[in-house]
file upload28.cif (mmCIF, C-alpha atoms)
data_model
#
loop_
_atom_site.group_PDB
_atom_site.id
_atom_site.type_symbol
_atom_site.label_atom_id
_atom_site.label_comp_id
_atom_site.auth_asym_id
_atom_site.auth_seq_id
_atom_site.Cartn_x
_atom_site.Cartn_y
_atom_site.Cartn_z
ATOM 1 C CA MET A 1 33.205 -12.453 -182.659
ATOM 2 C CA LEU A 2 36.386 -14.429 -182.029
ATOM 3 C CA VAL A 3 36.534 -17.916 -180.479
ATOM 4 C CA LEU A 4 39.813 -19.307 -179.161
ATOM 5 C CA VAL A 5 40.025 -23.110 -179.019
ATOM 6 C CA ALA A 6 42.595 -25.676 -177.814
ATOM 7 C CA PRO A 7 43.061 -29.157 -179.317
ATOM 8 C CA GLY A 8 43.041 -32.486 -177.531
ATOM 9 C CA GLN A 9 45.267 -35.530 -177.401
ATOM 10 C CA GLY A 10 46.441 -36.865 -180.738
ATOM 11 C CA ALA A 11 47.301 -33.396 -182.080
ATOM 12 C CA GLN A 12 50.935 -33.695 -180.913
ATOM 13 C CA THR A 13 53.744 -34.493 -183.372
ATOM 14 C CA PRO A 14 57.472 -35.083 -182.746
ATOM 15 C CA GLY A 15 59.396 -31.837 -182.312
ATOM 16 C CA PHE A 16 56.345 -29.580 -182.372
ATOM 17 C CA LEU A 17 57.558 -27.467 -179.433
ATOM 18 C CA THR A 18 60.993 -26.742 -180.938
ATOM 19 C CA PRO A 19 60.256 -23.376 -182.616
ATOM 20 C CA TRP A 20 58.349 -22.082 -179.579
ATOM 21 C CA LEU A 21 61.423 -22.268 -177.360
ATOM 22 C CA ASP A 22 62.942 -19.370 -179.310
ATOM 23 C CA LEU A 23 60.266 -16.967 -178.050
ATOM 24 C CA PRO A 24 61.385 -14.651 -175.210
ATOM 25 C CA GLY A 25 60.826 -16.334 -171.840
ATOM 26 C CA ALA A 26 59.342 -19.525 -173.300
ATOM 27 C CA ALA A 27 62.235 -21.805 -172.336
ATOM 28 C CA ASP A 28 62.225 -20.453 -168.776
ATOM 29 C CA ARG A 29 58.466 -20.953 -168.408
ATOM 30 C CA LEU A 30 58.727 -24.487 -169.746
ATOM 31 C CA ALA A 31 61.599 -25.258 -167.385
ATOM 32 C CA ALA A 32 59.638 -23.970 -164.377
ATOM 33 C CA TRP A 33 56.590 -26.051 -165.316
ATOM 34 C CA SER A 34 58.824 -29.088 -165.842
ATOM 35 C CA ASP A 35 60.246 -28.712 -162.345
ATOM 36 C CA ALA A 36 56.768 -28.280 -160.865
ATOM 37 C CA ILE A 37 55.356 -31.462 -162.390
ATOM 38 C CA GLY A 38 58.444 -33.677 -162.598
ATOM 39 C CA LEU A 39 58.404 -34.025 -166.388
ATOM 40 C CA ASP A 40 60.965 -32.613 -168.844
ATOM 41 C CA LEU A 41 58.571 -30.863 -171.228
ATOM 42 C CA ALA A 42 61.322 -29.349 -173.391
ATOM 43 C CA HIS A 43 62.916 -32.765 -173.924
ATOM 44 C CA TYR A 44 59.693 -34.489 -174.919
ATOM 45 C CA GLY A 45 58.459 -31.535 -176.989
ATOM 46 C CA THR A 46 61.660 -31.269 -179.011
ATOM 47 C CA GLN A 47 63.286 -34.716 -178.959
ATOM 48 C CA GLY A 48 60.575 -37.217 -178.028
ATOM 49 C CA ASP A 49 59.634 -39.613 -180.814
ATOM 50 C CA ALA A 50 56.062 -40.468 -181.755
ATOM 51 C CA ASP A 51 55.851 -43.377 -179.304
ATOM 52 C CA ALA A 52 57.254 -41.349 -176.401
ATOM 53 C CA ILE A 53 54.783 -38.489 -176.845
ATOM 54 C CA ARG A 54 51.863 -40.849 -177.411
ATOM 55 C CA ASP A 55 52.148 -41.819 -173.732
ATOM 56 C CA THR A 56 49.103 -40.245 -172.088
ATOM 57 C CA ALA A 57 51.075 -39.064 -169.073
ATOM 58 C CA VAL A 58 53.439 -37.166 -171.404
ATOM 59 C CA ALA A 59 51.127 -36.032 -174.190
ATOM 60 C CA GLN A 60 48.604 -34.238 -172.010
ATOM 61 C CA PRO A 61 51.009 -31.896 -170.168
ATOM 62 C CA LEU A 62 52.800 -31.216 -173.475
ATOM 63 C CA LEU A 63 49.571 -30.131 -175.144
ATOM 64 C CA VAL A 64 48.524 -27.852 -172.310
ATOM 65 C CA ALA A 65 51.982 -26.281 -172.078
ATOM 66 C CA ALA A 66 52.062 -25.662 -175.826
ATOM 67 C CA GLY A 67 48.549 -24.234 -175.782
ATOM 68 C CA ILE A 68 49.313 -21.813 -172.951
ATOM 69 C CA LEU A 69 52.600 -20.688 -174.551
ATOM 70 C CA SER A 70 51.048 -20.061 -177.948
ATOM 71 C CA ALA A 71 47.922 -18.368 -176.574
ATOM 72 C CA SER A 72 49.965 -15.997 -174.417
ATOM 73 C CA ALA A 73 52.138 -15.172 -177.445
ATOM 74 C CA LEU A 74 49.066 -13.679 -179.118
ATOM 75 C CA GLY A 75 49.180 -10.862 -176.568
ATOM 76 C CA ASP A 76 46.405 -9.341 -174.483
ATOM 77 C CA ILE A 77 43.263 -10.249 -176.410
ATOM 78 C CA THR A 78 39.581 -10.512 -175.528
ATOM 79 C CA PRO A 79 37.933 -13.473 -177.268
ATOM 80 C CA GLY A 80 34.177 -13.764 -177.266
ATOM 81 C CA ALA A 81 34.479 -17.363 -176.063
ATOM 82 C CA VAL A 82 37.045 -20.060 -175.309
ATOM 83 C CA ALA A 83 36.742 -23.840 -175.458
ATOM 84 C CA GLY A 84 38.922 -26.925 -175.540
ATOM 85 C CA HIS A 85 38.581 -30.420 -176.930
ATOM 86 C CA SER A 86 39.167 -33.059 -174.238
ATOM 87 C CA VAL A 87 42.413 -32.145 -172.426
ATOM 88 C CA GLY A 88 42.295 -28.822 -174.289
ATOM 89 C CA GLU A 89 39.636 -27.792 -171.774
ATOM 90 C CA ILE A 90 42.408 -27.385 -169.199
ATOM 91 C CA THR A 91 44.242 -25.063 -171.606
ATOM 92 C CA ALA A 92 41.020 -23.086 -172.018
ATOM 93 C CA ALA A 93 40.504 -22.982 -168.238
ATOM 94 C CA ALA A 94 43.967 -21.477 -167.808
ATOM 95 C CA TYR A 95 43.481 -18.949 -170.592
ATOM 96 C CA THR A 96 40.206 -17.678 -169.198
ATOM 97 C CA GLY A 97 41.668 -17.400 -165.692
ATOM 98 C CA VAL A 98 39.820 -20.252 -163.952
ATOM 99 C CA LEU A 99 43.193 -21.859 -163.192
ATOM 100 C CA THR A 100 46.641 -20.352 -162.900
ATOM 101 C CA ASP A 101 49.110 -21.673 -165.454
ATOM 102 C CA ASP A 102 50.942 -23.591 -162.721
ATOM 103 C CA ASP A 103 47.742 -25.149 -161.391
ATOM 104 C CA ALA A 104 46.701 -26.109 -164.925
ATOM 105 C CA LEU A 105 50.001 -27.940 -165.476
ATOM 106 C CA ARG A 106 49.793 -29.689 -162.114
ATOM 107 C CA LEU A 107 46.208 -30.767 -162.779
ATOM 108 C CA VAL A 108 46.915 -32.039 -166.280
ATOM 109 C CA ARG A 109 49.918 -33.989 -165.026
ATOM 110 C CA LYS A 110 47.688 -35.771 -162.503
ATOM 111 C CA ARG A 111 45.031 -36.233 -165.198
ATOM 112 C CA GLY A 112 47.508 -37.812 -167.595
ATOM 113 C CA LEU A 113 48.921 -40.173 -164.977
ATOM 114 C CA ALA A 114 45.457 -41.196 -163.764
ATOM 115 C CA MET A 115 44.186 -41.830 -167.284
ATOM 116 C CA ALA A 116 47.328 -43.780 -168.176
ATOM 117 C CA ASP A 117 46.773 -45.984 -165.124
ATOM 118 C CA ALA A 118 43.137 -46.519 -166.081
ATOM 119 C CA ALA A 119 44.112 -47.322 -169.670
ATOM 120 C CA ALA A 120 46.590 -49.977 -168.465
ATOM 121 C CA VAL A 121 43.822 -52.095 -166.946
ATOM 122 C CA THR A 122 42.427 -53.207 -170.318
ATOM 123 C CA GLU A 123 43.898 -52.859 -173.812
ATOM 124 C CA THR A 124 41.728 -50.160 -175.350
ATOM 125 C CA GLY A 125 41.909 -47.452 -177.982
ATOM 126 C CA MET A 126 40.053 -44.994 -180.184
ATOM 127 C CA ALA A 127 39.330 -44.683 -183.893
ATOM 128 C CA ALA A 128 37.869 -41.926 -186.059
ATOM 129 C CA LEU A 129 35.145 -42.796 -188.522
ATOM 130 C CA LEU A 130 35.438 -40.881 -191.787
ATOM 131 C CA GLY A 131 32.143 -40.240 -193.504
ATOM 132 C CA GLY A 132 28.745 -41.610 -192.630
ATOM 133 C CA ASP A 133 25.676 -40.252 -190.892
ATOM 134 C CA PRO A 134 25.737 -40.106 -187.069
ATOM 135 C CA GLU A 135 22.121 -41.297 -186.993
ATOM 136 C CA VAL A 136 23.326 -44.528 -188.630
ATOM 137 C CA THR A 137 26.771 -44.651 -187.012
ATOM 138 C CA LEU A 138 25.802 -44.267 -183.351
ATOM 139 C CA PRO A 139 23.388 -47.239 -183.192
ATOM 140 C CA HIS A 140 25.983 -49.345 -185.031
ATOM 141 C CA LEU A 141 28.632 -48.498 -182.441
ATOM 142 C CA GLU A 142 26.245 -49.419 -179.650
ATOM 143 C CA LYS A 143 25.621 -52.788 -181.313
ATOM 144 C CA LEU A 144 29.387 -53.469 -181.261
ATOM 145 C CA GLY A 145 29.723 -52.374 -177.622
ATOM 146 C CA LEU A 146 31.675 -49.244 -178.540
ATOM 147 C CA THR A 147 31.208 -45.735 -177.120
ATOM 148 C CA PRO A 148 30.916 -42.614 -179.323
ATOM 149 C CA ALA A 149 33.604 -40.933 -177.212
ATOM 150 C CA ASN A 150 33.854 -37.854 -179.440
ATOM 151 C CA VAL A 151 30.904 -36.524 -181.435
ATOM 152 C CA ASN A 152 32.822 -33.852 -183.293
ATOM 153 C CA GLY A 153 30.315 -32.457 -185.771
ATOM 154 C CA ALA A 154 30.861 -32.178 -189.521
ATOM 155 C CA GLY A 155 29.876 -35.863 -189.639
ATOM 156 C CA GLN A 156 32.881 -37.027 -187.597
ATOM 157 C CA VAL A 157 32.485 -39.519 -184.766
ATOM 158 C CA VAL A 158 35.303 -41.133 -182.768
ATOM 159 C CA ALA A 159 34.635 -44.584 -181.339
ATOM 160 C CA ALA A 160 36.336 -45.970 -178.238
ATOM 161 C CA GLY A 161 36.508 -49.390 -176.680
ATOM 162 C CA THR A 162 38.596 -52.535 -176.409
ATOM 163 C CA LYS A 163 40.997 -53.602 -179.151
ATOM 164 C CA GLU A 164 38.649 -56.466 -179.985
ATOM 165 C CA GLN A 165 35.684 -54.118 -180.352
ATOM 166 C CA LEU A 166 37.703 -51.767 -182.566
ATOM 167 C CA ALA A 167 38.802 -54.706 -184.723
ATOM 168 C CA ALA A 168 35.150 -55.677 -185.120
ATOM 169 C CA LEU A 169 34.397 -52.108 -186.217
ATOM 170 C CA GLU A 170 37.148 -52.252 -188.845
ATOM 171 C CA ALA A 171 35.609 -55.458 -190.206
ATOM 172 C CA ASP A 172 32.029 -54.184 -189.975
ATOM 173 C CA LYS A 173 31.933 -50.450 -190.697
ATOM 174 C CA PRO A 174 28.639 -48.563 -190.437
ATOM 175 C CA GLU A 175 26.923 -47.851 -193.735
ATOM 176 C CA GLY A 176 28.414 -44.748 -195.364
ATOM 177 C CA VAL A 177 31.679 -44.787 -193.400
ATOM 178 C CA ARG A 178 34.589 -44.723 -195.841
ATOM 179 C CA LYS A 179 37.403 -45.471 -193.444
ATOM 180 C CA VAL A 180 38.224 -46.204 -189.810
ATOM 181 C CA VAL A 181 41.426 -44.459 -188.664
ATOM 182 C CA THR A 182 43.186 -45.528 -185.447
ATOM 183 C CA LEU A 183 44.111 -42.500 -183.322
ATOM 184 C CA LYS A 184 47.441 -41.749 -181.634
ATOM 185 C CA VAL A 185 46.108 -42.259 -178.127
ATOM 186 C CA ALA A 186 46.758 -44.949 -175.546
ATOM 187 C CA GLY A 187 43.287 -45.733 -174.231
ATOM 188 C CA ALA A 188 39.513 -45.489 -174.544
ATOM 189 C CA PHE A 189 39.191 -41.950 -173.238
ATOM 190 C CA HIS A 190 35.790 -40.491 -172.369
ATOM 191 C CA THR A 191 34.266 -43.908 -171.673
ATOM 192 C CA GLN A 192 33.546 -46.045 -168.613
ATOM 193 C CA HIS A 193 37.112 -47.391 -168.934
ATOM 194 C CA MET A 194 38.307 -44.060 -167.481
ATOM 195 C CA ALA A 195 36.117 -44.216 -164.353
ATOM 196 C CA PRO A 196 39.115 -44.813 -162.011
ATOM 197 C CA ALA A 197 40.671 -41.550 -163.229
ATOM 198 C CA VAL A 198 37.613 -39.566 -162.122
ATOM 199 C CA ALA A 199 38.238 -40.417 -158.468
ATOM 200 C CA ALA A 200 41.903 -39.369 -158.768
ATOM 201 C CA LEU A 201 40.931 -36.044 -160.327
ATOM 202 C CA GLU A 202 38.282 -35.406 -157.691
ATOM 203 C CA GLU A 203 41.014 -35.704 -155.074
ATOM 204 C CA ALA A 204 43.367 -33.445 -157.047
ATOM 205 C CA ALA A 205 40.645 -30.811 -157.492
ATOM 206 C CA LYS A 206 40.233 -30.417 -153.723
ATOM 207 C CA GLY A 207 43.452 -28.401 -153.619
ATOM 208 C CA LEU A 208 42.354 -25.906 -156.286
ATOM 209 C CA THR A 209 40.887 -22.441 -155.772
ATOM 210 C CA PRO A 210 39.274 -21.685 -159.127
ATOM 211 C CA ALA A 211 38.268 -18.198 -160.250
ATOM 212 C CA ASP A 212 35.244 -17.484 -162.416
ATOM 213 C CA PRO A 213 35.954 -17.332 -166.176
ATOM 214 C CA LYS A 214 36.971 -13.939 -167.583
ATOM 215 C CA PHE A 215 35.553 -14.924 -170.978
ATOM 216 C CA ALA A 216 32.658 -17.158 -171.973
ATOM 217 C CA TYR A 217 33.769 -20.750 -171.347
ATOM 218 C CA VAL A 218 31.998 -23.331 -173.512
ATOM 219 C CA SER A 219 32.014 -26.828 -172.012
ATOM 220 C CA ASN A 220 32.388 -29.826 -174.303
ATOM 221 C CA ARG A 221 30.206 -31.927 -172.022
ATOM 222 C CA ASP A 222 27.074 -30.360 -173.486
ATOM 223 C CA GLY A 223 28.055 -27.173 -175.325
ATOM 224 C CA LYS A 224 26.777 -24.995 -172.486
ATOM 225 C CA THR A 225 28.428 -21.739 -171.447
ATOM 226 C CA VAL A 226 29.767 -22.127 -167.899
ATOM 227 C CA THR A 227 29.898 -19.064 -165.654
ATOM 228 C CA THR A 228 31.577 -20.220 -162.436
ATOM 229 C CA GLY A 229 35.016 -21.628 -161.774
ATOM 230 C CA ALA A 230 33.599 -24.312 -159.526
ATOM 231 C CA ASP A 231 31.383 -25.591 -162.342
ATOM 232 C CA VAL A 232 34.302 -25.578 -164.776
ATOM 233 C CA ILE A 233 36.380 -27.737 -162.412
ATOM 234 C CA SER A 234 33.491 -30.111 -161.765
ATOM 235 C CA ARG A 235 33.081 -30.600 -165.508
ATOM 236 C CA LEU A 236 36.825 -31.081 -166.027
ATOM 237 C CA VAL A 237 36.797 -33.885 -163.464
ATOM 238 C CA GLY A 238 33.797 -35.774 -164.833
ATOM 239 C CA GLN A 239 34.689 -35.185 -168.462
ATOM 240 C CA VAL A 240 37.415 -37.847 -168.608
ATOM 241 C CA ALA A 241 34.757 -40.591 -168.448
ATOM 242 C CA ASN A 242 32.059 -38.854 -170.526
ATOM 243 C CA PRO A 243 31.810 -38.246 -174.286
ATOM 244 C CA VAL A 244 33.123 -35.025 -175.830
ATOM 245 C CA ARG A 245 30.328 -33.173 -177.627
ATOM 246 C CA TRP A 246 32.316 -30.818 -179.844
ATOM 247 C CA ASP A 247 29.346 -30.684 -182.210
ATOM 248 C CA LEU A 248 27.344 -28.928 -179.486
ATOM 249 C CA CYS A 249 30.234 -26.541 -178.799
ATOM 250 C CA MET A 250 30.222 -25.469 -182.447
ATOM 251 C CA GLU A 251 26.459 -24.971 -182.312
ATOM 252 C CA THR A 252 26.994 -22.660 -179.324
ATOM 253 C CA PHE A 253 29.705 -20.759 -181.206
ATOM 254 C CA GLN A 254 27.168 -20.130 -183.959
ATOM 255 C CA GLU A 255 24.534 -18.970 -181.465
ATOM 256 C CA LEU A 256 27.080 -16.546 -179.984
ATOM 257 C CA GLY A 257 27.720 -15.101 -183.445
ATOM 258 C CA VAL A 258 31.211 -16.449 -184.168
ATOM 259 C CA THR A 259 32.963 -14.853 -187.147
ATOM 260 C CA ALA A 260 36.515 -16.140 -186.583
ATOM 261 C CA LEU A 261 38.123 -19.107 -184.819
ATOM 262 C CA ILE A 262 41.774 -19.465 -183.801
ATOM 263 C CA GLU A 263 43.160 -22.828 -182.669
ATOM 264 C CA VAL A 264 46.253 -22.660 -180.461
ATOM 265 C CA CYS A 265 49.286 -24.907 -180.891
ATOM 266 C CA PRO A 266 49.372 -27.646 -182.063
ATOM 267 C CA GLY A 267 46.488 -26.421 -184.199
ATOM 268 C CA GLY A 268 44.828 -28.075 -187.161
ATOM 269 C CA THR A 269 42.255 -30.588 -185.948
ATOM 270 C CA LEU A 270 39.590 -28.182 -184.691
ATOM 271 C CA THR A 271 40.041 -25.695 -187.515
ATOM 272 C CA GLY A 272 39.481 -28.586 -189.918
ATOM 273 C CA LEU A 273 36.158 -29.368 -188.249
ATOM 274 C CA ALA A 274 35.185 -25.690 -188.198
ATOM 275 C CA LYS A 275 35.836 -25.303 -191.923
ATOM 276 C CA ARG A 276 33.270 -28.009 -192.608
ATOM 277 C CA ALA A 277 30.700 -27.139 -189.932
ATOM 278 C CA LEU A 278 30.960 -23.352 -189.516
ATOM 279 C CA LYS A 279 30.569 -22.073 -193.056
ATOM 280 C CA GLY A 280 31.696 -18.496 -193.567
ATOM 281 C CA VAL A 281 33.733 -18.388 -190.340
ATOM 282 C CA LYS A 282 37.391 -17.480 -190.793
ATOM 283 C CA THR A 283 39.731 -20.028 -189.229
ATOM 284 C CA LEU A 284 43.421 -20.105 -188.389
ATOM 285 C CA ALA A 285 45.542 -22.850 -186.836
ATOM 286 C CA VAL A 286 48.553 -21.677 -184.842
ATOM 287 C CA LYS A 287 51.182 -24.343 -185.491
ATOM 288 C CA THR A 288 54.447 -22.390 -185.209
ATOM 289 C CA PRO A 289 55.410 -18.836 -184.190
ATOM 290 C CA GLU A 290 55.334 -17.961 -187.884
ATOM 291 C CA ASP A 291 51.526 -18.090 -187.643
ATOM 292 C CA LEU A 292 51.332 -15.451 -184.895
ATOM 293 C CA ASP A 293 51.258 -12.362 -187.120
ATOM 294 C CA ALA A 294 48.339 -13.729 -189.130
ATOM 295 C CA ALA A 295 46.593 -14.701 -185.895
ATOM 296 C CA ARG A 296 47.040 -11.212 -184.428
ATOM 297 C CA ALA A 297 45.618 -9.694 -187.611
ATOM 298 C CA LEU A 298 42.568 -11.943 -187.291
ATOM 299 C CA VAL A 299 42.227 -10.934 -183.631
ATOM 300 C CA ALA A 300 42.324 -7.248 -184.556
ATOM 301 C CA GLU A 301 39.635 -7.778 -187.170
ATOM 302 C CA HIS A 302 37.234 -9.871 -185.079
ATOM 303 C CA SER A 303 37.699 -9.103 -181.360
#
call {"tool": "encode", "arguments": {"input": "upload28.cif", "output": "structure tokens"}}
result
Amino acid sequence: MLVLVAPGQGAQTPGFLTPWLDLPGAADRLAAWSDAIGLDLAHYGTQGDADAIRDTAVAQPLLVAAGILSASALGDITPGAVAGHSVGEITAAAYTGVLTDDDALRLVRKRGLAMADAAAVTETGMAALLGGDPEVTLPHLEKLGLTPANVNGAGQVVAAGTKEQLAALEADKPEGVRKVVTLKVAGAFHTQHMAPAVAALEEAAKGLTPADPKFAYVSNRDGKTVTTGADVISRLVGQVANPVRWDLCMETFQELGVTALIEVCPGGTLTGLAKRALKGVKTLAVKTPEDLDAARALVAEHS
């Protein structure tokens, strides 16, 4: 059973879209999306430096555009389930037919702008904790006033909060944590700091007409399989201010009988977690078009 997954913010790197523009029709699709949302995706995806593409309002549409392009390049496939980490849930919603590609790009543009505005209110950020036991880590984060914004499984927890709280974490790491790594994001996503963005997304969602998912859609709010488009959209709206439970998504993949997992562009983060948490499951990260043949072979073997 094949699972198709889409990464979240922080997976982007300078120039990562460059090789994808050589695919037939890719440049035209990107140009049309750029016109629709008022953001030059090709420019930022090929020429934007690390600081430019760290901007939440830029990074999120870039990731969704890249995910949709790379997923469609796999051809007409039938995964057993789809899921996305954070903003990757919008990529997954487009792939499973809940949203049209155009609606997905319009929604993620509004999401990115709303979250950037919310992040500007207070200087906040996120940091990954390497090593440690969540049963020890989570109470320690609570003591410091931090939120476990991503509980990713395989022992990985991402903390979010103010710069002062993150500095306190660096100075006072939970027992067993080897290192605290600052992430390439511009705010404390999936915490109460993002509450203003929820209202903006609720307004944006009123103009959508979602379809029900064509494939099993696993929500990172709680790892549950969602069966209606309306429920998917509701979860997408509330998710910006609630923790990502990728650990529960991977548990659901196991319950569904996953045998292979493909992560769309810019892949790497979620396949890394799967290698540690989903033993025996074949994984492949689609980073450039050169990975497509291997991905199609995996699809043929496991769909």
call {"tool": "closest_residue", "arguments": {"input": "upload28.cif", "among": "A:Ala119, A:Leu69, A:Val177, A:Val82", "to": "Leu256 in chain A", "atoms": "only C-alpha atoms"}}
result
A:Val82
call {"tool": "resolve_selection", "arguments": {"input": "upload28.cif", "expression": "the PyMOL selection byres ((chain A and resi 42) around 9)", "output": "PDB file with C-alpha atoms, in the coordinates of the input"}}
result
ATOM      1  CA  LEU A  17      57.558 -27.467-179.433  1.00  0.00           C
ATOM      2  CA  THR A  18      60.993 -26.742-180.938  1.00  0.00           C
ATOM      3  CA  LEU A  21      61.423 -22.268-177.360  1.00  0.00           C
ATOM      4  CA  ALA A  27      62.235 -21.805-172.336  1.00  0.00           C
ATOM      5  CA  LEU A  30      58.727 -24.487-169.746  1.00  0.00           C
ATOM      6  CA  ALA A  31      61.599 -25.258-167.385  1.00  0.00           C
ATOM      7  CA  SER A  34      58.824 -29.088-165.842  1.00  0.00           C
ATOM      8  CA  LEU A  39      58.404 -34.025-166.388  1.00  0.00           C
ATOM      9  CA  ASP A  40      60.965 -32.613-168.844  1.00  0.00           C
ATOM     10  CA  LEU A  41      58.571 -30.863-171.228  1.00  0.00           C
ATOM     11  CA  HIS A  43      62.916 -32.765-173.924  1.00  0.00           C
ATOM     12  CA  TYR A  44      59.693 -34.489-174.919  1.00  0.00           C
ATOM     13  CA  GLY A  45      58.459 -31.535-176.989  1.00  0.00           C
ATOM     14  CA  THR A  46      61.660 -31.269-179.011  1.00  0.00           C
ATOM     15  CA  GLN A  47      63.286 -34.716-178.959  1.00  0.00           C
ATOM     16  CA  LEU A  62      52.800 -31.216-173.475  1.00  0.00           C
TER      17      LEU A  62
END
call {"tool": "closest_residue", "arguments": {"input": "upload28.cif", "among": "A:Thr56, A:Thr228, A:Thr271, A:Asn242", "to": "Gln9 in chain A", "atoms": "all atoms listed in the file"}}
result
A:Thr56
call {"tool": "resolve_selection", "arguments": {"input": "upload28.cif", "expression": "the PyMOL selection byres ((chain A and resi 7) around 10)", "output": "list in words"}}
result
Val5, Ala6, Gly8, Gln9, Gly10, Ala11, Gln12, Leu63, Val64, Gly67, Ala83, Gly84, His85, Ser86, Val87, Gly88, Glu89, Thr91, Ala92, Glu263, Val264, Cys265, Pro266, Gly267, Gly268, Thr269, Leu270 and Thr271 of chain A
call {"tool": "write_last_selection", "arguments": {"input": "upload28.cif", "atoms": "C-alpha atoms", "output": "PDB file, in the frame of the given file"}}
result
ATOM      1  CA  VAL A   5      40.025 -23.110-179.019  1.00  0.00           C
ATOM      2  CA  ALA A   6      42.595 -25.676-177.814  1.00  0.00           C
ATOM      3  CA  GLY A   8      43.041 -32.486-177.531  1.00  0.00           C
ATOM      4  CA  GLN A   9      45.267 -35.530-177.401  1.00  0.00           C
ATOM      5  CA  GLY A  10      46.441 -36.865-180.738  1.00  0.00           C
ATOM      6  CA  ALA A  11      47.301 -33.396-182.080  1.00  0.00           C
ATOM      7  CA  GLN A  12      50.935 -33.695-180.913  1.00  0.00           C
ATOM      8  CA  LEU A  63      49.571 -30.131-175.144  1.00  0.00           C
ATOM      9  CA  VAL A  64      48.524 -27.852-172.310  1.00  0.00           C
ATOM     10  CA  GLY A  67      48.549 -24.234-175.782  1.00  0.00           C
ATOM     11  CA  ALA A  83      36.742 -23.840-175.458  1.00  0.00           C
ATOM     12  CA  GLY A  84      38.922 -26.925-175.540  1.00  0.00           C
ATOM     13  CA  HIS A  85      38.581 -30.420-176.930  1.00  0.00           C
ATOM     14  CA  SER A  86      39.167 -33.059-174.238  1.00  0.00           C
ATOM     15  CA  VAL A  87      42.413 -32.145-172.426  1.00  0.00           C
ATOM     16  CA  GLY A  88      42.295 -28.822-174.289  1.00  0.00           C
ATOM     17  CA  GLU A  89      39.636 -27.792-171.774  1.00  0.00           C
ATOM     18  CA  THR A  91      44.242 -25.063-171.606  1.00  0.00           C
ATOM     19  CA  ALA A  92      41.020 -23.086-172.018  1.00  0.00           C
ATOM     20  CA  GLU A 263      43.160 -22.828-182.669  1.00  0.00           C
ATOM     21  CA  VAL A 264      46.253 -22.660-180.461  1.00  0.00           C
ATOM     22  CA  CYS A 265      49.286 -24.907-180.891  1.00  0.00           C
ATOM     23  CA  PRO A 266      49.372 -27.646-182.063  1.00  0.00           C
ATOM     24  CA  GLY A 267      46.488 -26.421-184.199  1.00  0.00           C
ATOM     25  CA  GLY A 268      44.828 -28.075-187.161  1.00  0.00           C
ATOM     26  CA  THR A 269      42.255 -30.588-185.948  1.00  0.00           C
ATOM     27  CA  LEU A 270      39.590 -28.182-184.691  1.00  0.00           C
ATOM     28  CA  THR A 271      40.041 -25.695-187.515  1.00  0.00           C
TER      29      THR A 271
END
call {"tool": "residues_around", "arguments": {"input": "upload28.cif", "residues": "Ala188 in chain A", "least_positions_apart": "4", "cutoff": "8 Å", "atoms": "all atoms listed in the file", "output": "list of chain:residue names"}}
result
A:Ala119, A:Thr124, A:Gly125, A:Met126, A:Ala149, A:Ala160, A:Gly161, A:Thr162, A:His193, A:Met194
call {"tool": "closest_residue", "arguments": {"input": "upload28.cif", "among": "A:Asn150, A:Leu23, A:Leu201, A:Ala168", "to": "Val108 in chain A", "atoms": "only C-alpha atoms"}}
result
A:Leu201
call {"tool": "build_atoms", "arguments": {"input": "upload28.cif", "residues": "range 63-70 of chain A", "atoms": "N, CA, C and O atoms", "output": "mmCIF file, keeping the file's coordinate frame"}}
result
data_model
loop_
_atom_site.group_PDB
_atom_site.id
_atom_site.type_symbol
_atom_site.label_atom_id
_atom_site.label_comp_id
_atom_site.auth_asym_id
_atom_site.auth_seq_id
_atom_site.Cartn_x
_atom_site.Cartn_y
_atom_site.Cartn_z
ATOM 1 N N LEU A 63 50.595 -30.872 -174.406
ATOM 2 C CA LEU A 63 49.571 -30.131 -175.144
ATOM 3 C C LEU A 63 49.124 -28.889 -174.395
ATOM 4 O O LEU A 63 48.947 -27.817 -174.993
ATOM 5 N N VAL A 64 48.946 -29.010 -173.099
ATOM 6 C CA VAL A 64 48.524 -27.852 -172.310
ATOM 7 C C VAL A 64 49.631 -26.799 -172.269
ATOM 8 O O VAL A 64 49.373 -25.601 -172.430
ATOM 9 N N ALA A 65 50.865 -27.229 -172.088
ATOM 10 C CA ALA A 65 51.982 -26.281 -172.078
ATOM 11 C C ALA A 65 52.084 -25.550 -173.407
ATOM 12 O O ALA A 65 52.250 -24.313 -173.443
ATOM 13 N N ALA A 66 51.983 -26.286 -174.505
ATOM 14 C CA ALA A 66 52.062 -25.662 -175.826
ATOM 15 C C ALA A 66 50.906 -24.698 -176.056
ATOM 16 O O ALA A 66 51.079 -23.610 -176.629
ATOM 17 N N GLY A 67 49.715 -25.090 -175.614
ATOM 18 C CA GLY A 67 48.549 -24.234 -175.782
ATOM 19 C C GLY A 67 48.680 -22.935 -175.016
ATOM 20 O O GLY A 67 48.374 -21.848 -175.530
ATOM 21 N N ILE A 68 49.152 -23.016 -173.772
ATOM 22 C CA ILE A 68 49.313 -21.813 -172.951
ATOM 23 C C ILE A 68 50.390 -20.906 -173.543
ATOM 24 O O ILE A 68 50.209 -19.686 -173.648
ATOM 25 N N LEU A 69 51.524 -21.484 -173.961
ATOM 26 C CA LEU A 69 52.600 -20.688 -174.551
ATOM 27 C C LEU A 69 52.127 -19.952 -175.803
ATOM 28 O O LEU A 69 52.378 -18.754 -175.968
ATOM 29 N N SER A 70 51.457 -20.669 -176.682
ATOM 30 C CA SER A 70 51.048 -20.061 -177.948
ATOM 31 C C SER A 70 49.925 -19.050 -177.755
ATOM 32 O O SER A 70 49.891 -18.008 -178.420
#
